file entry.cif (mmCIF, C-alpha atoms; chains and numbers go by the auth columns)
data_entry
loop_
_atom_site.group_PDB
_atom_site.id
_atom_site.type_symbol
_atom_site.label_atom_id
_atom_site.label_comp_id
_atom_site.label_asym_id
_atom_site.label_seq_id
_atom_site.Cartn_x
_atom_site.Cartn_y
_atom_site.Cartn_z
_atom_site.B_iso_or_equiv
_atom_site.auth_seq_id
_atom_site.auth_asym_id
ATOM 1 C CA MET A 1 -18.475 90.407 249.539 0.00 1 N
ATOM 2 C CA SER A 2 -15.561 92.831 249.143 0.00 2 N
ATOM 3 C CA ASP A 3 -16.986 94.045 245.815 0.00 3 N
ATOM 4 C CA VAL A 4 -20.325 94.833 247.490 0.00 4 N
ATOM 5 C CA VAL A 5 -18.549 96.884 250.136 0.00 5 N
ATOM 6 C CA LEU A 6 -16.261 98.489 247.546 0.00 6 N
ATOM 7 C CA LEU A 7 -19.190 99.588 245.376 0.00 7 N
ATOM 8 C CA SER A 8 -21.516 100.568 248.201 0.00 8 N
ATOM 9 C CA HIS A 9 -19.263 103.146 249.846 0.00 9 N
ATOM 10 C CA PRO A 10 -19.086 105.521 246.832 0.00 10 N
ATOM 11 C CA ILE A 11 -22.804 104.984 246.267 0.00 11 N
ATOM 12 C CA PHE A 12 -23.576 106.213 249.785 0.00 12 N
ATOM 13 C CA GLY A 13 -21.077 109.041 249.235 0.00 13 N
ATOM 14 C CA VAL A 14 -22.781 110.124 246.006 0.00 14 N
ATOM 15 C CA LEU A 15 -26.196 109.926 247.660 0.00 15 N
ATOM 16 C CA GLY A 16 -24.812 112.092 250.473 0.00 16 N
ATOM 17 C CA VAL A 17 -23.568 114.643 247.934 0.00 17 N
ATOM 18 C CA ILE A 18 -26.957 114.647 246.177 0.00 18 N
ATOM 19 C CA MET A 19 -28.728 115.192 249.483 0.00 19 N
ATOM 20 C CA ALA A 20 -26.322 118.046 250.308 0.00 20 N
ATOM 21 C CA VAL A 21 -27.216 119.682 246.989 0.00 21 N
ATOM 22 C CA TRP A 22 -30.867 119.156 247.899 0.00 22 N
ATOM 23 C CA VAL A 23 -30.318 120.921 251.223 0.00 23 N
ATOM 24 C CA PHE A 24 -28.526 123.771 249.399 0.00 24 N
ATOM 25 C CA VAL A 25 -31.366 124.308 246.925 0.00 25 N
ATOM 26 C CA GLU A 26 -34.068 124.055 249.597 0.00 26 N
ATOM 27 C CA ALA A 27 -32.143 126.498 251.819 0.00 27 N
ATOM 28 C CA LEU A 28 -31.916 128.987 248.951 0.00 28 N
ATOM 29 C CA ASN A 29 -35.706 128.978 248.933 0.00 29 N
ATOM 30 C CA ALA A 30 -36.223 128.526 252.669 0.00 30 N
ATOM 31 C CA ASP A 31 -39.707 129.151 254.007 0.00 31 N
ATOM 32 C CA SER A 32 -42.031 127.562 256.514 0.00 32 N
ATOM 33 C CA ALA A 33 -43.239 125.022 253.969 0.00 33 N
ATOM 34 C CA ASN A 34 -39.864 123.356 253.350 0.00 34 N
ATOM 35 C CA ALA A 35 -38.343 123.602 256.844 0.00 35 N
ATOM 36 C CA GLY A 36 -39.121 119.969 257.582 0.00 36 N
ATOM 37 C CA ARG A 37 -37.645 118.805 254.285 0.00 37 N
ATOM 38 C CA ILE A 38 -34.428 120.748 254.929 0.00 38 N
ATOM 39 C CA ARG A 39 -33.992 119.153 258.353 0.00 39 N
ATOM 40 C CA SER A 40 -34.779 115.655 257.049 0.00 40 N
ATOM 41 C CA ALA A 41 -32.372 116.027 254.128 0.00 41 N
ATOM 42 C CA ALA A 42 -29.666 117.363 256.464 0.00 42 N
ATOM 43 C CA TYR A 43 -30.032 114.301 258.709 0.00 43 N
ATOM 44 C CA ALA A 44 -29.912 112.096 255.602 0.00 44 N
ATOM 45 C CA VAL A 45 -26.605 113.693 254.584 0.00 45 N
ATOM 46 C CA ALA A 46 -25.132 112.842 257.985 0.00 46 N
ATOM 47 C CA VAL A 47 -26.405 109.250 257.935 0.00 47 N
ATOM 48 C CA LEU A 48 -25.255 108.628 254.345 0.00 48 N
ATOM 49 C CA MET A 49 -21.766 110.036 254.988 0.00 49 N
ATOM 50 C CA VAL A 50 -21.418 107.938 258.146 0.00 50 N
ATOM 51 C CA LEU A 51 -22.404 104.855 256.115 0.00 51 N
ATOM 52 C CA ALA A 52 -19.822 105.814 253.452 0.00 52 N
ATOM 53 C CA TRP A 53 -17.232 106.181 256.247 0.00 53 N
ATOM 54 C CA VAL A 54 -18.004 102.818 257.864 0.00 54 N
ATOM 55 C CA LEU A 55 -18.216 100.847 254.606 0.00 55 N
ATOM 56 C CA GLY A 56 -15.288 102.623 252.959 0.00 56 N
ATOM 57 C CA GLY A 57 -13.252 102.181 256.103 0.00 57 N
ATOM 58 C CA TYR A 58 -14.092 98.471 256.294 0.00 58 N
ATOM 59 C CA TRP A 59 -12.933 97.977 252.711 0.00 59 N
ATOM 60 C CA TYR A 60 -9.854 100.171 253.135 0.00 60 N
ATOM 61 C CA VAL A 61 -8.699 98.403 256.279 0.00 61 N
ATOM 62 C CA ASN A 62 -9.449 94.855 255.147 0.00 62 N
ATOM 63 C CA PHE A 63 -8.981 94.795 251.368 0.00 63 N
ATOM 64 C CA TYR A 64 -7.072 97.829 250.087 0.00 64 N
ATOM 65 C CA GLY A 65 -3.604 96.519 250.957 0.00 65 N
ATOM 66 C CA ALA A 66 -3.401 94.333 247.846 0.00 66 N
ATOM 67 C CA ASP A 67 -4.541 97.183 245.598 0.00 67 N
ATOM 68 C CA ARG A 68 -2.034 99.547 247.198 0.00 68 N
ATOM 69 C CA ALA A 69 0.848 97.179 246.412 0.00 69 N
ATOM 70 C CA LEU A 70 -0.474 96.770 242.861 0.00 70 N
ATOM 71 C CA ILE A 71 -0.817 100.522 242.263 0.00 71 N
ATOM 72 C CA LEU A 72 2.625 101.303 243.711 0.00 72 N
ATOM 73 C CA ALA A 73 4.186 98.736 241.356 0.00 73 N
ATOM 74 C CA GLY A 74 2.262 100.104 238.365 0.00 74 N
ATOM 75 C CA PRO A 75 2.849 103.029 236.000 0.00 75 N
ATOM 76 C CA PHE A 76 0.939 105.538 238.167 0.00 76 N
ATOM 77 C CA PRO A 77 2.111 105.068 241.776 0.00 77 N
ATOM 78 C CA TRP A 78 0.900 108.609 242.563 0.00 78 N
ATOM 79 C CA ALA A 79 -2.636 107.201 242.352 0.00 79 N
ATOM 80 C CA HIS A 80 -1.887 105.883 245.840 0.00 80 N
ATOM 81 C CA SER A 81 0.903 108.087 247.202 0.00 81 N
ATOM 82 C CA LEU A 82 -0.862 111.349 246.342 0.00 82 N
ATOM 83 C CA VAL A 83 -4.496 110.689 245.448 0.00 83 N
ATOM 84 C CA MET A 84 -5.458 107.909 247.860 0.00 84 N
ATOM 85 C CA GLU A 85 -3.488 109.384 250.750 0.00 85 N
ATOM 86 C CA THR A 86 -5.163 112.758 250.216 0.00 86 N
ATOM 87 C CA LYS A 87 -8.601 111.216 249.662 0.00 87 N
ATOM 88 C CA GLU A 88 -8.609 109.121 252.821 0.00 88 N
ATOM 89 C CA HIS A 89 -7.813 112.172 254.945 0.00 89 N
ATOM 90 C CA VAL A 90 -9.899 114.793 253.093 0.00 90 N
ATOM 91 C CA PHE A 91 -12.927 112.556 253.634 0.00 91 N
ATOM 92 C CA PHE A 92 -12.799 113.393 257.339 0.00 92 N
ATOM 93 C CA ILE A 93 -13.446 117.040 256.413 0.00 93 N
ATOM 94 C CA THR A 94 -16.587 115.968 254.563 0.00 94 N
ATOM 95 C CA LEU A 95 -17.596 113.766 257.491 0.00 95 N
ATOM 96 C CA VAL A 96 -17.265 116.526 260.101 0.00 96 N
ATOM 97 C CA LEU A 97 -19.238 118.939 257.903 0.00 97 N
ATOM 98 C CA ALA A 98 -21.923 116.285 257.375 0.00 98 N
ATOM 99 C CA LEU A 99 -22.231 115.804 261.147 0.00 99 N
ATOM 100 C CA PHE A 100 -22.504 119.577 261.600 0.00 100 N
ATOM 101 C CA LEU A 101 -25.151 120.119 258.900 0.00 101 N
ATOM 102 C CA PRO A 102 -28.171 118.790 260.902 0.00 102 N
ATOM 103 C CA ILE A 103 -27.155 121.019 263.806 0.00 103 N
ATOM 104 C CA ALA A 104 -27.065 124.107 261.581 0.00 104 N
ATOM 105 C CA ALA A 105 -30.330 123.115 259.871 0.00 105 N
ATOM 106 C CA ARG A 106 -32.261 123.133 263.185 0.00 106 N
ATOM 107 C CA ALA A 107 -32.671 126.914 262.940 0.00 107 N
ATOM 108 C CA ASN A 108 -35.522 128.769 261.290 0.00 108 N
ATOM 109 C CA LEU A 109 -33.760 129.397 257.985 0.00 109 N
ATOM 110 C CA ALA A 110 -36.605 131.457 256.565 0.00 110 N
ATOM 111 C CA ALA A 111 -36.278 134.006 259.381 0.00 111 N
ATOM 112 C CA ASN A 112 -32.556 133.899 260.153 0.00 112 N
ATOM 113 C CA LYS A 113 -30.272 134.888 257.263 0.00 113 N
ATOM 114 C CA SER A 114 -27.141 134.017 259.219 0.00 114 N
ATOM 115 C CA ALA A 115 -28.349 130.496 259.856 0.00 115 N
ATOM 116 C CA ARG A 116 -29.322 130.142 256.214 0.00 116 N
ATOM 117 C CA ALA A 117 -25.856 131.317 255.116 0.00 117 N
ATOM 118 C CA MET A 118 -24.259 128.766 257.441 0.00 118 N
ATOM 119 C CA VAL A 119 -26.402 125.949 256.002 0.00 119 N
ATOM 120 C CA LEU A 120 -25.727 127.055 252.416 0.00 120 N
ATOM 121 C CA VAL A 121 -21.976 127.201 252.970 0.00 121 N
ATOM 122 C CA THR A 122 -21.857 123.882 254.824 0.00 122 N
ATOM 123 C CA ALA A 123 -23.956 122.064 252.213 0.00 123 N
ATOM 124 C CA ALA A 124 -21.851 123.521 249.395 0.00 124 N
ATOM 125 C CA LEU A 125 -18.611 122.482 251.100 0.00 125 N
ATOM 126 C CA ILE A 126 -19.970 118.955 251.612 0.00 126 N
ATOM 127 C CA ALA A 127 -20.961 118.701 247.941 0.00 127 N
ATOM 128 C CA LEU A 128 -17.630 120.055 246.665 0.00 128 N
ATOM 129 C CA SER A 129 -15.420 118.015 248.986 0.00 129 N
ATOM 130 C CA GLY A 130 -17.588 114.943 248.414 0.00 130 N
ATOM 131 C CA LEU A 131 -17.240 115.297 244.648 0.00 131 N
ATOM 132 C CA ALA A 132 -13.473 115.695 245.057 0.00 132 N
ATOM 133 C CA VAL A 133 -13.342 112.466 247.068 0.00 133 N
ATOM 134 C CA GLU A 134 -15.503 110.666 244.478 0.00 134 N
ATOM 135 C CA GLY A 135 -13.257 111.916 241.668 0.00 135 N
ATOM 136 C CA ALA A 136 -10.193 110.768 243.554 0.00 136 N
ATOM 137 C CA GLY A 137 -11.719 107.303 243.710 0.00 137 N
ATOM 138 C CA ALA A 138 -11.829 107.253 239.912 0.00 138 N
ATOM 139 C CA PHE A 139 -8.103 108.104 239.722 0.00 139 N
ATOM 140 C CA ILE A 140 -7.277 105.304 242.165 0.00 140 N
ATOM 141 C CA ASN A 141 -9.339 102.855 240.118 0.00 141 N
ATOM 142 C CA PHE A 142 -7.454 104.042 237.020 0.00 142 N
ATOM 143 C CA GLY A 143 -4.135 103.453 238.783 0.00 143 N
ATOM 144 C CA ALA A 144 -5.119 99.887 239.656 0.00 144 N
ATOM 145 C CA LYS A 145 -6.367 99.139 236.125 0.00 145 N
ATOM 146 C CA ALA A 146 -3.189 100.536 234.567 0.00 146 N
ATOM 147 C CA ALA A 147 -1.095 98.402 236.902 0.00 147 N
ATOM 148 C CA LEU A 148 -3.067 95.289 235.933 0.00 148 N
ATOM 149 C CA ALA A 149 -2.693 96.138 232.244 0.00 149 N
ATOM 150 C CA GLN A 150 1.048 96.585 232.674 0.00 150 N
ATOM 151 C CA ALA A 151 1.243 93.205 234.389 0.00 151 N
ATOM 152 C CA GLY A 152 -0.672 91.644 231.498 0.00 152 N
ATOM 153 C CA ALA A 153 -3.578 90.553 233.661 0.00 153 N
ATOM 154 C CA MET B 1 -23.059 136.650 252.975 0.00 1 W
ATOM 155 C CA ALA B 2 -24.315 136.312 256.522 0.00 2 W
ATOM 156 C CA ASN B 3 -26.392 139.024 258.183 0.00 3 W
ATOM 157 C CA ASP B 4 -25.008 139.907 261.602 0.00 4 W
ATOM 158 C CA THR B 5 -28.261 141.469 262.673 0.00 5 W
ATOM 159 C CA GLN B 6 -29.466 137.906 263.159 0.00 6 W
ATOM 160 C CA ALA B 7 -27.234 135.836 265.369 0.00 7 W
ATOM 161 C CA LEU B 8 -26.687 132.130 265.160 0.00 8 W
ATOM 162 C CA ASP B 9 -28.063 130.153 268.077 0.00 9 W
ATOM 163 C CA GLN B 10 -25.487 129.099 270.662 0.00 10 W
ATOM 164 C CA THR B 11 -25.372 125.435 269.595 0.00 11 W
ATOM 165 C CA THR B 12 -24.930 126.183 265.884 0.00 12 W
ATOM 166 C CA ALA B 13 -22.221 128.752 266.605 0.00 13 W
ATOM 167 C CA ALA B 14 -20.434 126.371 268.972 0.00 14 W
ATOM 168 C CA PHE B 15 -20.396 123.424 266.577 0.00 15 W
ATOM 169 C CA ALA B 16 -19.483 125.652 263.599 0.00 16 W
ATOM 170 C CA LEU B 17 -16.348 126.778 265.441 0.00 17 W
ATOM 171 C CA SER B 18 -15.752 123.203 266.542 0.00 18 W
ATOM 172 C CA ALA B 19 -16.021 121.972 262.932 0.00 19 W
ATOM 173 C CA ALA B 20 -13.528 124.618 261.764 0.00 20 W
ATOM 174 C CA ILE B 21 -11.025 123.654 264.458 0.00 21 W
ATOM 175 C CA THR B 22 -11.576 119.922 263.912 0.00 22 W
ATOM 176 C CA VAL B 23 -10.826 119.998 260.165 0.00 23 W
ATOM 177 C CA LEU B 24 -7.601 121.921 260.855 0.00 24 W
ATOM 178 C CA PHE B 25 -6.790 119.476 263.662 0.00 25 W
ATOM 179 C CA ASN B 26 -7.352 116.615 261.201 0.00 26 W
ATOM 180 C CA THR B 27 -4.734 118.045 258.833 0.00 27 W
ATOM 181 C CA LEU B 28 -2.279 118.625 261.684 0.00 28 W
ATOM 182 C CA LEU B 29 -2.841 115.091 262.977 0.00 29 W
ATOM 183 C CA THR B 30 -2.202 113.719 259.473 0.00 30 W
ATOM 184 C CA TRP B 31 1.091 115.612 259.183 0.00 31 W
ATOM 185 C CA ILE B 32 2.285 114.398 262.583 0.00 32 W
ATOM 186 C CA LYS B 33 1.157 110.827 261.909 0.00 33 W
ATOM 187 C CA GLU B 34 2.876 110.691 258.525 0.00 34 W
ATOM 188 C CA LEU B 35 6.109 112.288 259.770 0.00 35 W
ATOM 189 C CA SER B 36 6.434 110.278 262.990 0.00 36 W
ATOM 190 C CA GLU B 37 6.471 106.525 262.626 0.00 37 W
ATOM 191 C CA PRO B 38 6.227 105.905 266.401 0.00 38 W
ATOM 192 C CA PHE B 39 3.132 108.133 266.554 0.00 39 W
ATOM 193 C CA HIS B 40 1.696 106.387 263.481 0.00 40 W
ATOM 194 C CA ASP B 41 2.239 103.030 265.177 0.00 41 W
ATOM 195 C CA PHE B 42 0.711 104.330 268.406 0.00 42 W
ATOM 196 C CA MET B 43 -2.420 105.405 266.547 0.00 43 W
ATOM 197 C CA ALA B 44 -2.576 102.048 264.792 0.00 44 W
ATOM 198 C CA ALA B 45 -2.227 100.205 268.093 0.00 45 W
ATOM 199 C CA LEU B 46 -5.192 102.017 269.652 0.00 46 W
ATOM 200 C CA THR B 47 -7.840 100.546 267.316 0.00 47 W
ATOM 201 C CA GLY B 48 -5.945 98.215 265.006 0.00 48 W
ATOM 202 C CA HIS B 49 -5.543 100.802 262.214 0.00 49 W
ATOM 203 C CA HIS B 50 -4.283 104.396 262.194 0.00 50 W
ATOM 204 C CA TRP B 51 -7.128 105.558 259.911 0.00 51 W
ATOM 205 C CA ILE B 52 -9.824 104.190 262.223 0.00 52 W
ATOM 206 C CA THR B 53 -8.181 105.936 265.166 0.00 53 W
ATOM 207 C CA GLN B 54 -7.936 109.218 263.263 0.00 54 W
ATOM 208 C CA GLY B 55 -11.602 109.161 262.263 0.00 55 W
ATOM 209 C CA LEU B 56 -12.752 108.398 265.796 0.00 56 W
ATOM 210 C CA VAL B 57 -10.462 111.063 267.284 0.00 57 W
ATOM 211 C CA ASP B 58 -11.798 113.632 264.793 0.00 58 W
ATOM 212 C CA VAL B 59 -15.412 112.851 265.709 0.00 59 W
ATOM 213 C CA ILE B 60 -14.639 112.957 269.434 0.00 60 W
ATOM 214 C CA VAL B 61 -12.789 116.294 269.080 0.00 61 W
ATOM 215 C CA PHE B 62 -15.734 117.727 267.110 0.00 62 W
ATOM 216 C CA ILE B 63 -18.270 116.654 269.743 0.00 63 W
ATOM 217 C CA VAL B 64 -16.209 117.590 272.802 0.00 64 W
ATOM 218 C CA LEU B 65 -15.161 121.004 271.463 0.00 65 W
ATOM 219 C CA GLY B 66 -18.746 121.683 270.417 0.00 66 W
ATOM 220 C CA TYR B 67 -20.039 120.969 273.919 0.00 67 W
ATOM 221 C CA VAL B 68 -17.242 123.043 275.464 0.00 68 W
ATOM 222 C CA PHE B 69 -18.123 126.008 273.246 0.00 69 W
ATOM 223 C CA VAL B 70 -21.826 125.577 274.054 0.00 70 W
ATOM 224 C CA ARG B 71 -21.051 125.653 277.774 0.00 71 W
ATOM 225 C CA THR B 72 -18.641 128.585 277.588 0.00 72 W
ATOM 226 C CA GLY B 73 -20.519 130.620 274.971 0.00 73 W
ATOM 227 C CA THR B 74 -17.200 131.384 273.249 0.00 74 W
ATOM 228 C CA ALA B 75 -18.453 130.900 269.694 0.00 75 W
ATOM 229 C CA ALA B 76 -21.774 132.628 270.311 0.00 76 W
ATOM 230 C CA ARG B 77 -19.897 135.867 271.014 0.00 77 W
ATOM 231 C CA MET B 78 -18.386 135.779 267.515 0.00 78 W
ATOM 232 C CA PRO B 79 -20.233 137.551 264.672 0.00 79 W
ATOM 233 C CA ALA B 80 -22.105 135.103 262.459 0.00 80 W
ATOM 234 C CA THR B 81 -20.258 136.305 259.366 0.00 81 W
ATOM 235 C CA SER B 82 -16.940 135.583 261.072 0.00 82 W
ATOM 236 C CA LEU B 83 -18.056 132.053 261.902 0.00 83 W
ATOM 237 C CA VAL B 84 -19.150 131.378 258.318 0.00 84 W
ATOM 238 C CA ASN B 85 -15.887 132.786 256.948 0.00 85 W
ATOM 239 C CA THR B 86 -13.857 130.884 259.542 0.00 86 W
ATOM 240 C CA LEU B 87 -15.477 127.590 258.534 0.00 87 W
ATOM 241 C CA VAL B 88 -14.849 128.193 254.822 0.00 88 W
ATOM 242 C CA ALA B 89 -11.253 129.287 255.414 0.00 89 W
ATOM 243 C CA ALA B 90 -10.579 126.309 257.677 0.00 90 W
ATOM 244 C CA VAL B 91 -11.893 123.821 255.104 0.00 91 W
ATOM 245 C CA VAL B 92 -9.880 125.401 252.270 0.00 92 W
ATOM 246 C CA ILE B 93 -6.673 125.561 254.344 0.00 93 W
ATOM 247 C CA ALA B 94 -7.149 122.026 255.660 0.00 94 W
ATOM 248 C CA GLY B 95 -7.759 120.626 252.171 0.00 95 W
ATOM 249 C CA ILE B 96 -4.782 122.421 250.635 0.00 96 W
ATOM 250 C CA GLY B 97 -2.689 121.372 253.625 0.00 97 W
ATOM 251 C CA LEU B 98 -3.485 117.718 253.005 0.00 98 W
ATOM 252 C CA ALA B 99 -3.068 117.723 249.221 0.00 99 W
ATOM 253 C CA GLY B 100 0.065 119.874 249.425 0.00 100 W
ATOM 254 C CA PHE B 101 1.611 117.635 252.063 0.00 101 W
ATOM 255 C CA PHE B 102 1.152 114.447 250.038 0.00 102 W
ATOM 256 C CA LEU B 103 2.267 116.251 246.880 0.00 103 W
ATOM 257 C CA VAL B 104 5.668 117.070 248.379 0.00 104 W
ATOM 258 C CA ALA B 105 5.987 114.120 250.765 0.00 105 W
#
call {"tool": "encode", "arguments": {"input": "entry.cif", "output": "structure tokens"}}
result
Amino acid sequence: MSDVVLLSHPIFGVLGVIMAVWVFVEALNADSANAGRIRSAAYAVAVLMVLAWVLGGYWYVNFYGADRALILAGPFPWAHSLVMETKEHVFFITLVLALFLPIAARANLAANKSARAMVLVTAALIALSGLAVEGAGAFINFGAKAALAQAGA
Amino acid sequence: MANDTQALDQTTAAFALSAAITVLFNTLLTWIKELSEPFHDFMAALTGHHWITQGLVDVIVFIVLGYVFVRTGTAARMPATSLVNTLVAAVVIAGIGLAGFFLVA
């Protein structure tokens, strides 16, 4: 069960990033034909990031403690003290932006350049911060594996 | 990037400013939580875990500030370009503030 939760939260995060990139590209070419797609994709970003938050949070609160102790005792304790600590708090930036994106995407982006700029910037920030969080997850995984290798497991 | 001849609607402007303030608030809350063990414990006691509390507080701050700015029209009086730049600057400062804090902590 914990492995399902562990694997599902970055999957939803990656899907959220992909949808944010979709919103960005659609907004670059905003017209009346793709307005509905932009709004739907923006809502999808919010839903996917909330799912990543809930599932990641469930795993973090209930299962991460053992991994934290393992990483801190391993050769790369900074995988927790720097990377995980930063990741778990930076994610809230991504989450807030993801909740804002559907609000910004309500406007007529084809007619309003300011609204389109806001959507472009927000989607880009979601994609970049989301990728940073995903990358941080890889470092944390590396820290846990190195600790297990050191312990001879 | 933005064109100020076309304003953002009041709700978008309000929640853009709210998002900028909320991400900075999130960094400030992290600093205080990490530097004050009693405050950390207080946050943990509210929901059972400090991280759950922080996430919920962030979402509540974002929603409440957004509605306040909608009602007052504060954000709508700002140029659209300023709001876009404010959001970008807030995210960059908040991210560097978090990574920098844990780098030196």
call {"tool": "atom_distance", "arguments": {"input": "entry.cif", "atom1": "CA of Leu87 (chain W)", "atom2": "CA of Leu17 (chain W)"}}
result
7.0 Å
call {"tool": "residues_around", "arguments": {"input": "entry.cif", "residues": "Val70 (chain W)", "least_positions_apart": "3", "cutoff": "10 Å", "atoms": "only C-alpha atoms", "output": "MDAnalysis selection string"}}
result
chainID W and resid 9:15 18 64:67 73:76
call {"tool": "atom_distance", "arguments": {"input": "entry.cif", "atom1": "CA of Ile60 (chain W)", "atom2": "CA of Ala105 (chain N)"}}
result
21.0 Å
call {"tool": "closest_atom_pairs", "arguments": {"input": "entry.cif", "of": "chain N", "to": "chain W", "cutoff": "7 Å", "atoms": "only C-alpha atoms", "output": "CSV"}}
result
residue,atom,partner,partner_atom,distance
N:Ser81,CA,W:Phe102,CA,7.0
N:Leu82,CA,W:Phe102,CA,5.2
N:Glu85,CA,W:Phe102,CA,6.9
N:Thr86,CA,W:Ala99,CA,5.5
N:Val90,CA,W:Gly95,CA,6.3
N:Phe92,CA,W:Gly55,CA,6.6
N:Ile93,CA,W:Val23,CA,5.4
N:Val96,CA,W:Ala19,CA,6.3
N:Leu97,CA,W:Ala19,CA,6.7
N:Phe100,CA,W:Phe15,CA,6.6
N:Ile103,CA,W:Thr12,CA,6.0
N:Ala104,CA,W:Thr12,CA,5.2
N:Asn112,CA,W:Gln6,CA,5.9
N:Lys113,CA,W:Asn3,CA,5.7
N:Ser114,CA,W:Ala2,CA,4.5
N:Ala115,CA,W:Leu8,CA,5.8
N:Ala117,CA,W:Ala2,CA,5.4
N:Met118,CA,W:Val84,CA,5.8
call {"tool": "atom_distance", "arguments": {"input": "entry.cif", "atom1": "CA of Thr53 (chain W)", "atom2": "CA of Val61 (chain N)"}}
result
11.7 Å
call {"tool": "residues_around", "arguments": {"input": "entry.cif", "residues": "Ser2 (chain N)", "least_positions_apart": "2", "cutoff": "10 Å", "atoms": "all atoms listed in the file", "output": "list in words"}}
result
Val4, Val5, Leu6, Leu7, Ser8, Tyr58, Trp59, Asn62, Phe63 and Tyr64 of chain N
call {"tool": "write_last_selection", "arguments": {"input": "entry.cif", "atoms": "C-alpha atoms", "output": "compact mmCIF listing (two decimals), keeping the file's coordinate frame"}}
result
# COMPACT_ATOMS: atom_id res chain seq x y z
CA VAL N 4 -20.32 94.83 247.49
CA VAL N 5 -18.55 96.88 250.14
CA LEU N 6 -16.26 98.49 247.55
CA LEU N 7 -19.19 99.59 245.38
CA SER N 8 -21.52 100.57 248.20
CA TYR N 58 -14.09 98.47 256.29
CA TRP N 59 -12.93 97.98 252.71
CA ASN N 62 -9.45 94.86 255.15
CA PHE N 63 -8.98 94.80 251.37
CA TYR N 64 -7.07 97.83 250.09
call {"tool": "residues_around", "arguments": {"input": "entry.cif", "residues": "region 141-152 of chain N", "least_positions_apart": "3", "cutoff": "9 Å", "atoms": "all atoms listed in the file", "output": "ChimeraX atom specification"}}
result
/N:67-68,70-80,136-138
call {"tool": "resolve_selection", "arguments": {"input": "entry.cif", "expression": "the PyMOL selection byres ((chain N and resi 43) around 12)", "output": "PyMOL selection string"}}
result
chain N and resi 16+19-20+22-23+36-42+44-50+97-106+123
call {"tool": "axis_aligned_box", "arguments": {"input": "entry.cif", "around": "region 67-78 of chain W", "padding_each_side": "5 Å", "output": "AutoDock Vina command-line options"}}
result
--center_x -19.5 --center_y 128.4 --center_z 272.6 --size_x 14.6 --size_y 24.9 --size_z 20.3
call {"tool": "closest_residue", "arguments": {"input": "entry.cif", "among": "N:Val121, N:Met84, N:Leu51, N:Ala110", "to": "Leu15 (chain N)", "atoms": "only C-alpha atoms"}}
result
N:Leu51
call {"tool": "closest_residue", "arguments": {"input": "entry.cif", "among": "N:Leu131, N:Val21, N:His89, N:Ala27", "to": "Glu34 (chain W)", "atoms": "only C-alpha atoms"}}
result
N:His89
call {"tool": "build_atoms", "arguments": {"input": "entry.cif", "residues": "region 36-45 of chain N", "atoms": "N, CA, C and O atoms", "output": "CSV table (one decimal), in the frame of the given file"}}
result
chain,number,residue,atom,x,y,z
N,36,GLY,N,-39.2,121.4,257.2
N,36,GLY,CA,-39.1,120.0,257.6
N,36,GLY,C,-38.3,119.2,256.6
N,36,GLY,O,-37.5,118.3,257.0
N,37,ARG,N,-38.4,119.5,255.3
N,37,ARG,CA,-37.6,118.8,254.3
N,37,ARG,C,-36.2,119.1,254.4
N,37,ARG,O,-35.3,118.2,254.3
N,38,ILE,N,-35.8,120.4,254.8
N,38,ILE,CA,-34.4,120.7,254.9
N,38,ILE,C,-33.8,120.0,256.1
N,38,ILE,O,-32.7,119.4,256.0
N,39,ARG,N,-34.5,119.9,257.2
N,39,ARG,CA,-34.0,119.2,258.4
N,39,ARG,C,-33.9,117.7,258.0
N,39,ARG,O,-32.8,117.0,258.4
N,40,SER,N,-34.8,117.1,257.4
N,40,SER,CA,-34.8,115.7,257.0
N,40,SER,C,-33.6,115.4,256.1
N,40,SER,O,-32.9,114.4,256.3
N,41,ALA,N,-33.5,116.2,255.1
N,41,ALA,CA,-32.4,116.0,254.1
N,41,ALA,C,-31.0,116.2,254.8
N,41,ALA,O,-30.1,115.5,254.5
N,42,ALA,N,-30.9,117.1,255.8
N,42,ALA,CA,-29.7,117.4,256.5
N,42,ALA,C,-29.3,116.1,257.3
N,42,ALA,O,-28.1,115.7,257.3
N,43,TYR,N,-30.3,115.5,258.0
N,43,TYR,CA,-30.0,114.3,258.7
N,43,TYR,C,-29.6,113.2,257.8
N,43,TYR,O,-28.7,112.4,258.1
N,44,ALA,N,-30.3,113.1,256.6
N,44,ALA,CA,-29.9,112.1,255.6
N,44,ALA,C,-28.5,112.2,255.1
N,44,ALA,O,-27.8,111.2,255.0
N,45,VAL,N,-28.0,113.5,255.0
N,45,VAL,CA,-26.6,113.7,254.6
N,45,VAL,C,-25.7,113.1,255.6
N,45,VAL,O,-24.7,112.4,255.3
